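Source file: protein_19.txt. Holds: compact mmCIF, C-alpha atoms.
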# COMPACT_ATOMS: atom_id res chain seq x y z
CA MET A 1 21.98 -9.14 -0.92
CA GLU A 2 24.28 -12.08 -1.60
CA ALA A 3 25.63 -10.33 -4.72
CA ALA A 4 26.45 -7.23 -2.67
CA ILE A 5 28.24 -9.26 0.00
CA GLU A 6 30.25 -11.19 -2.59
CA SER A 7 31.23 -7.95 -4.33
CA LEU A 8 32.35 -6.49 -1.03
CA SER A 9 34.54 -9.45 -0.14
CA GLN A 10 36.18 -9.45 -3.59
CA ARG A 11 36.64 -5.71 -3.88
CA TYR A 12 37.59 -4.98 -0.28
CA PRO A 13 39.25 -8.08 1.23
CA GLU A 14 40.52 -5.94 4.12
CA VAL A 15 36.96 -5.03 5.23
CA HIS A 16 35.56 -7.45 7.79
CA LEU A 17 31.85 -7.81 7.19
CA SER A 18 29.71 -9.47 9.80
CA VAL A 19 26.17 -10.17 8.64
CA VAL A 20 23.44 -11.08 11.08
CA HIS A 21 20.08 -12.17 9.66
CA SER A 22 17.03 -11.64 11.81
CA SER A 23 13.48 -12.81 11.38
CA GLU A 24 12.17 -10.37 13.99
CA GLN A 25 8.70 -9.12 13.19
CA ASN A 26 9.52 -5.70 14.66
CA PRO A 27 13.24 -4.98 14.28
CA SER A 28 14.71 -2.08 16.18
CA LEU A 29 17.70 0.24 16.06
CA GLU A 30 19.10 -1.45 19.17
CA VAL A 31 22.30 -2.71 17.47
CA LEU A 32 23.10 0.86 16.47
CA HIS A 33 22.34 2.13 19.98
CA LYS A 34 24.71 -0.46 21.49
CA ASP A 35 27.46 0.34 18.93
CA SER A 36 27.53 -3.32 17.88
CA ALA A 37 26.87 -2.35 14.25
CA ASP A 38 27.76 0.59 12.02
CA ILE A 39 25.10 -0.03 9.38
CA LEU A 40 21.67 -1.59 9.70
CA ILE A 41 19.54 -2.73 6.76
CA MET A 42 15.87 -3.05 7.61
CA PRO A 43 12.37 -2.05 6.55
CA SER A 44 11.70 1.66 6.74
CA THR A 45 11.24 2.92 10.22
CA THR A 46 10.84 6.17 12.11
CA LEU A 47 14.28 7.47 12.89
CA ASP A 48 15.42 9.72 15.70
CA ASP A 49 17.93 12.58 15.69
CA HIS A 50 20.89 10.23 16.12
CA HIS A 51 20.31 8.03 13.05
CA LEU A 52 19.81 8.72 9.40
CA GLU A 53 18.61 6.83 6.38
CA HIS A 54 21.53 6.81 4.01
CA HIS A 55 20.06 4.84 1.14
CA HIS A 56 16.86 2.92 0.36
CA TRP A 57 15.29 0.80 -2.34
CA ARG A 58 11.81 -0.53 -3.11
CA ASP A 59 10.58 -3.92 -4.15
CA ASP A 60 7.11 -5.32 -4.83
CA TYR A 61 5.50 -8.54 -3.62
CA VAL A 62 4.13 -11.25 -5.94
CA LEU A 63 2.30 -14.53 -5.43
CA VAL A 64 4.66 -17.45 -6.07
CA THR A 65 3.37 -20.85 -7.17
CA ALA A 66 4.82 -23.98 -8.73
CA ARG A 67 5.02 -23.85 -12.54
CA SER A 68 1.53 -24.65 -13.84
CA LYS A 69 0.98 -27.82 -15.82
CA TRP A 70 -2.13 -26.28 -17.40
CA PRO A 71 -1.84 -24.16 -20.56
CA GLN A 72 -3.93 -21.30 -19.17
CA THR A 73 -2.75 -19.36 -16.17
CA ARG A 74 -4.93 -19.11 -13.09
CA ASN A 75 -5.54 -15.80 -11.35
CA PHE A 76 -4.86 -14.84 -7.74
CA HIS A 77 -8.36 -15.71 -6.48
CA GLU A 78 -8.38 -19.18 -8.05
CA LEU A 79 -4.92 -20.01 -6.72
CA VAL A 80 -5.49 -18.95 -3.11
CA GLN A 81 -8.71 -20.97 -2.96
CA ALA A 82 -7.01 -24.14 -4.26
CA ILE A 83 -3.55 -24.10 -2.66
CA ARG A 84 -2.42 -23.63 0.94
CA TYR A 85 -0.56 -20.41 1.75
CA VAL A 86 2.66 -20.41 3.78
CA SER A 87 3.99 -16.97 4.61
CA TRP A 88 7.60 -15.86 4.81
CA ARG A 89 8.37 -14.66 8.35
CA HIS A 90 10.08 -11.29 7.97
CA PRO A 91 9.69 -7.76 9.34
CA GLY A 92 7.27 -6.74 6.55
CA VAL A 93 4.82 -9.63 6.90
CA GLU A 94 2.38 -7.73 9.14
CA ARG A 95 2.23 -4.83 6.69
CA LEU A 96 1.73 -7.25 3.79
CA HIS A 97 -1.13 -9.06 5.51
CA SER A 98 -2.80 -5.84 6.66
CA GLN A 99 -2.79 -4.52 3.08
CA LEU A 100 -4.12 -7.82 1.72
CA ALA A 101 -6.94 -7.67 4.31
CA SER A 102 -8.65 -5.13 2.04
CA VAL A 103 -9.04 -7.84 -0.63
CA PRO A 104 -12.43 -9.59 -0.22
CA LEU A 105 -10.90 -13.08 -0.52
CA ARG A 106 -8.98 -14.49 2.44
CA LEU A 107 -5.82 -16.58 2.22
CA ILE A 108 -5.95 -20.08 3.73
CA HIS A 109 -2.95 -19.51 5.99
CA ARG A 110 -1.16 -22.74 6.91
CA GLY A 111 1.93 -21.46 8.65
CA GLU A 112 5.09 -19.50 8.16
CA LEU A 113 8.78 -20.11 7.52
CA SER A 114 11.74 -17.80 7.99
CA ASN A 115 14.05 -19.60 5.51
CA VAL A 116 13.33 -18.45 1.95
CA ASP A 117 15.18 -21.38 0.33
CA THR A 118 13.08 -23.93 2.22
CA LEU A 119 9.91 -22.02 1.40
CA LEU A 120 10.79 -21.88 -2.32
CA ASP A 121 11.55 -25.61 -2.28
CA LEU A 122 8.08 -26.35 -0.87
CA VAL A 123 6.47 -24.04 -3.43
CA ALA A 124 8.40 -25.63 -6.34
CA LYS A 125 7.16 -29.08 -5.25
CA GLY A 126 3.58 -27.82 -5.26
CA HIS A 127 3.01 -28.16 -1.50
CA CYS A 128 2.03 -24.53 -1.00
CA LEU A 129 2.14 -21.04 -2.44
CA SER A 130 3.64 -17.92 -0.91
CA ILE A 131 3.88 -14.17 -1.32
CA LEU A 132 7.45 -12.94 -1.59
CA PRO A 133 9.35 -9.85 -2.69
CA ARG A 134 10.26 -10.06 -6.37
CA ALA A 135 13.96 -9.45 -5.66
CA LEU A 136 14.21 -12.73 -3.71
CA LEU A 137 12.90 -14.83 -6.58
CA PRO A 138 14.72 -16.66 -9.34
CA GLU A 139 14.24 -15.39 -12.89
CA ALA A 140 10.87 -16.27 -14.41
CA GLY A 141 10.70 -19.36 -16.60
CA GLY A 142 12.08 -21.85 -14.08
CA ALA A 143 10.12 -23.87 -11.56
CA PHE A 144 7.80 -21.00 -10.58
CA ASP A 145 4.92 -18.90 -11.84
CA TYR A 146 4.57 -15.36 -10.52
CA VAL A 147 1.13 -13.80 -10.20
CA GLN A 148 0.45 -10.13 -9.50
CA LEU A 149 -1.42 -9.46 -6.28
CA PRO A 150 -4.93 -7.97 -6.57
CA ILE A 151 -3.55 -4.77 -5.03
CA PRO A 152 0.02 -3.49 -5.34
CA VAL A 153 2.09 -4.09 -2.20
CA GLU A 154 5.62 -2.74 -1.93
CA ARG A 155 8.29 -3.01 0.68
CA ARG A 156 10.90 -0.38 1.32
CA ILE A 157 14.27 -1.37 2.71
CA SER A 158 16.57 1.22 4.24
CA VAL A 159 20.25 1.44 5.08
CA ILE A 160 20.38 3.19 8.43
CA ALA A 161 23.50 4.44 10.18
CA ARG A 162 24.71 6.78 12.88
CA PRO A 163 26.21 9.90 11.25
CA THR A 164 29.57 9.07 12.84
CA SER A 165 29.52 5.60 11.25
CA LEU A 166 29.54 7.21 7.84
CA LEU A 167 33.01 8.56 8.56
CA SER A 168 34.37 5.01 8.50
CA ASN A 169 36.03 3.83 5.27
CA ALA A 170 34.60 0.35 5.82
CA ALA A 171 31.05 1.67 6.26
CA ASN A 172 31.39 3.82 3.13
CA ALA A 173 32.69 0.83 1.14
CA VAL A 174 29.62 -1.20 2.15
CA LEU A 175 27.29 1.67 1.25
CA GLU A 176 28.98 2.12 -2.13
CA ILE A 177 28.53 -1.55 -3.01
CA LEU A 178 24.90 -1.54 -1.82
CA LYS A 179 24.14 1.49 -3.97
CA ASN A 180 25.72 -0.17 -7.01
CA LYS A 181 23.87 -3.45 -6.39
CA THR A 182 20.49 -1.92 -5.59
CA GLY A 183 18.99 -3.16 -8.84
CA GLN A 184 20.04 -6.71 -7.98
CA LEU A 185 18.71 -6.82 -4.42

Take the structure in the file and give it back as structure tokens.
Amino acid sequence: MEAAIESLSQRYPEVHLSVVHSSEQNPSLEVLHKDSADILIMPSTTLDDHHLEHHHWRDDYVLVTARSKWPQTRNFHELVQAIRYVSWRHPGVERLHSQLASVPLRLIHRGELSNVDTLLDLVAKGHCLSILPRALLPEAGGAFDYVQLPIPVERRISVIARPTSLLSNAANAVLEILKNKTGQL
């Protein structure tokens, strides 16, 4: 997302972009209803007749741990039994945990954080492990090991707007950049 915002500010300096991050577990379309936003980016949701999904992308979750000091890699089950789990507080966390409930092994849940940078710092220092969307993670080979989950879990993020918002040049500029940066989000 940061790459898309930077591209927008460089390419369209006249467009004022206000970004509000939310860690709500159940985000709503309220900002669109109140006309305080033209575009909303959030997990997929059921839309009504007054809103439309203009663009979406998918991303998968992986288990994130500190780079292993051992030559052999450990699997998901070994890791979650040995290291505390701290979850990332975001709108998709309930869906993630409900899907992981089908796995016979339970995570030792020790809390949650809404700040990804802080969470990654704790993981890199070996204090915990977490499950995060792949797009939020640094390239492999650094301070982290990424382990596939025992079942595939994806998240879908949507760009939602009122049809009238899409008539705005500023809204269309944001959508154009998001479409071009989808692979980097």

- Option closest in space to His109 of chain A, from A:Val80, A:Ala143, A:Leu149, A:Leu63 [counting all atoms listed in the file]: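 Going through A:Val80, A:Ala143, A:Leu149, A:Leu63 one by one, the smallest distance to His109 of chain A is for A:Val80.
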
- Compare A:Leu96, A:Leu167, A:Val103, A:Leu175 by their minimum atom-to-atom distance to Val62 of chain A, counting all atoms listed in the file, and give me the closest one.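 The answer is A:Leu96, which sits nearest to Val62 of chain A.
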
- Message: Which residues are near Gly142 of chain A? Cut-off 12 Å, only C-alpha atoms, ignore same chain within fewer than 6 positions. Put them as a list in words.
- Response: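 Counting only C-alpha atoms, the residues come to Val64, Thr65, Ala66, Arg67, Ser68, Leu120 and Ala124 of chain A.
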
Box centre and edge lengths (Å, one decimal), axis-aligned, segment 119-123 of chain A plus 6 Å each side, as AutoDock Vina command-line options:
--center_x 9.0 --center_y -24.1 --center_z -1.0 --size_x 17.1 --size_y 16.5 --size_z 16.8

- Task: Extract, using all atoms listed in the file, all DNA, RNA and protein residues at most 12 Å from Val147 of chain A, discarding same-chain residues fewer than 2 positions from it, and format them as JSON, numbers by chain.
- Result: {"A": [60, 61, 62, 63, 64, 65, 66, 67, 68, 73, 74, 75, 76, 77, 78, 79, 80, 129, 130, 131, 132, 133, 134, 140, 144, 145, 149, 150, 151, 152]}

- Any idea what the distance is between atom CA of Arg162 of chain A and atom CA of Glu176 of chain A? 16.3 Å
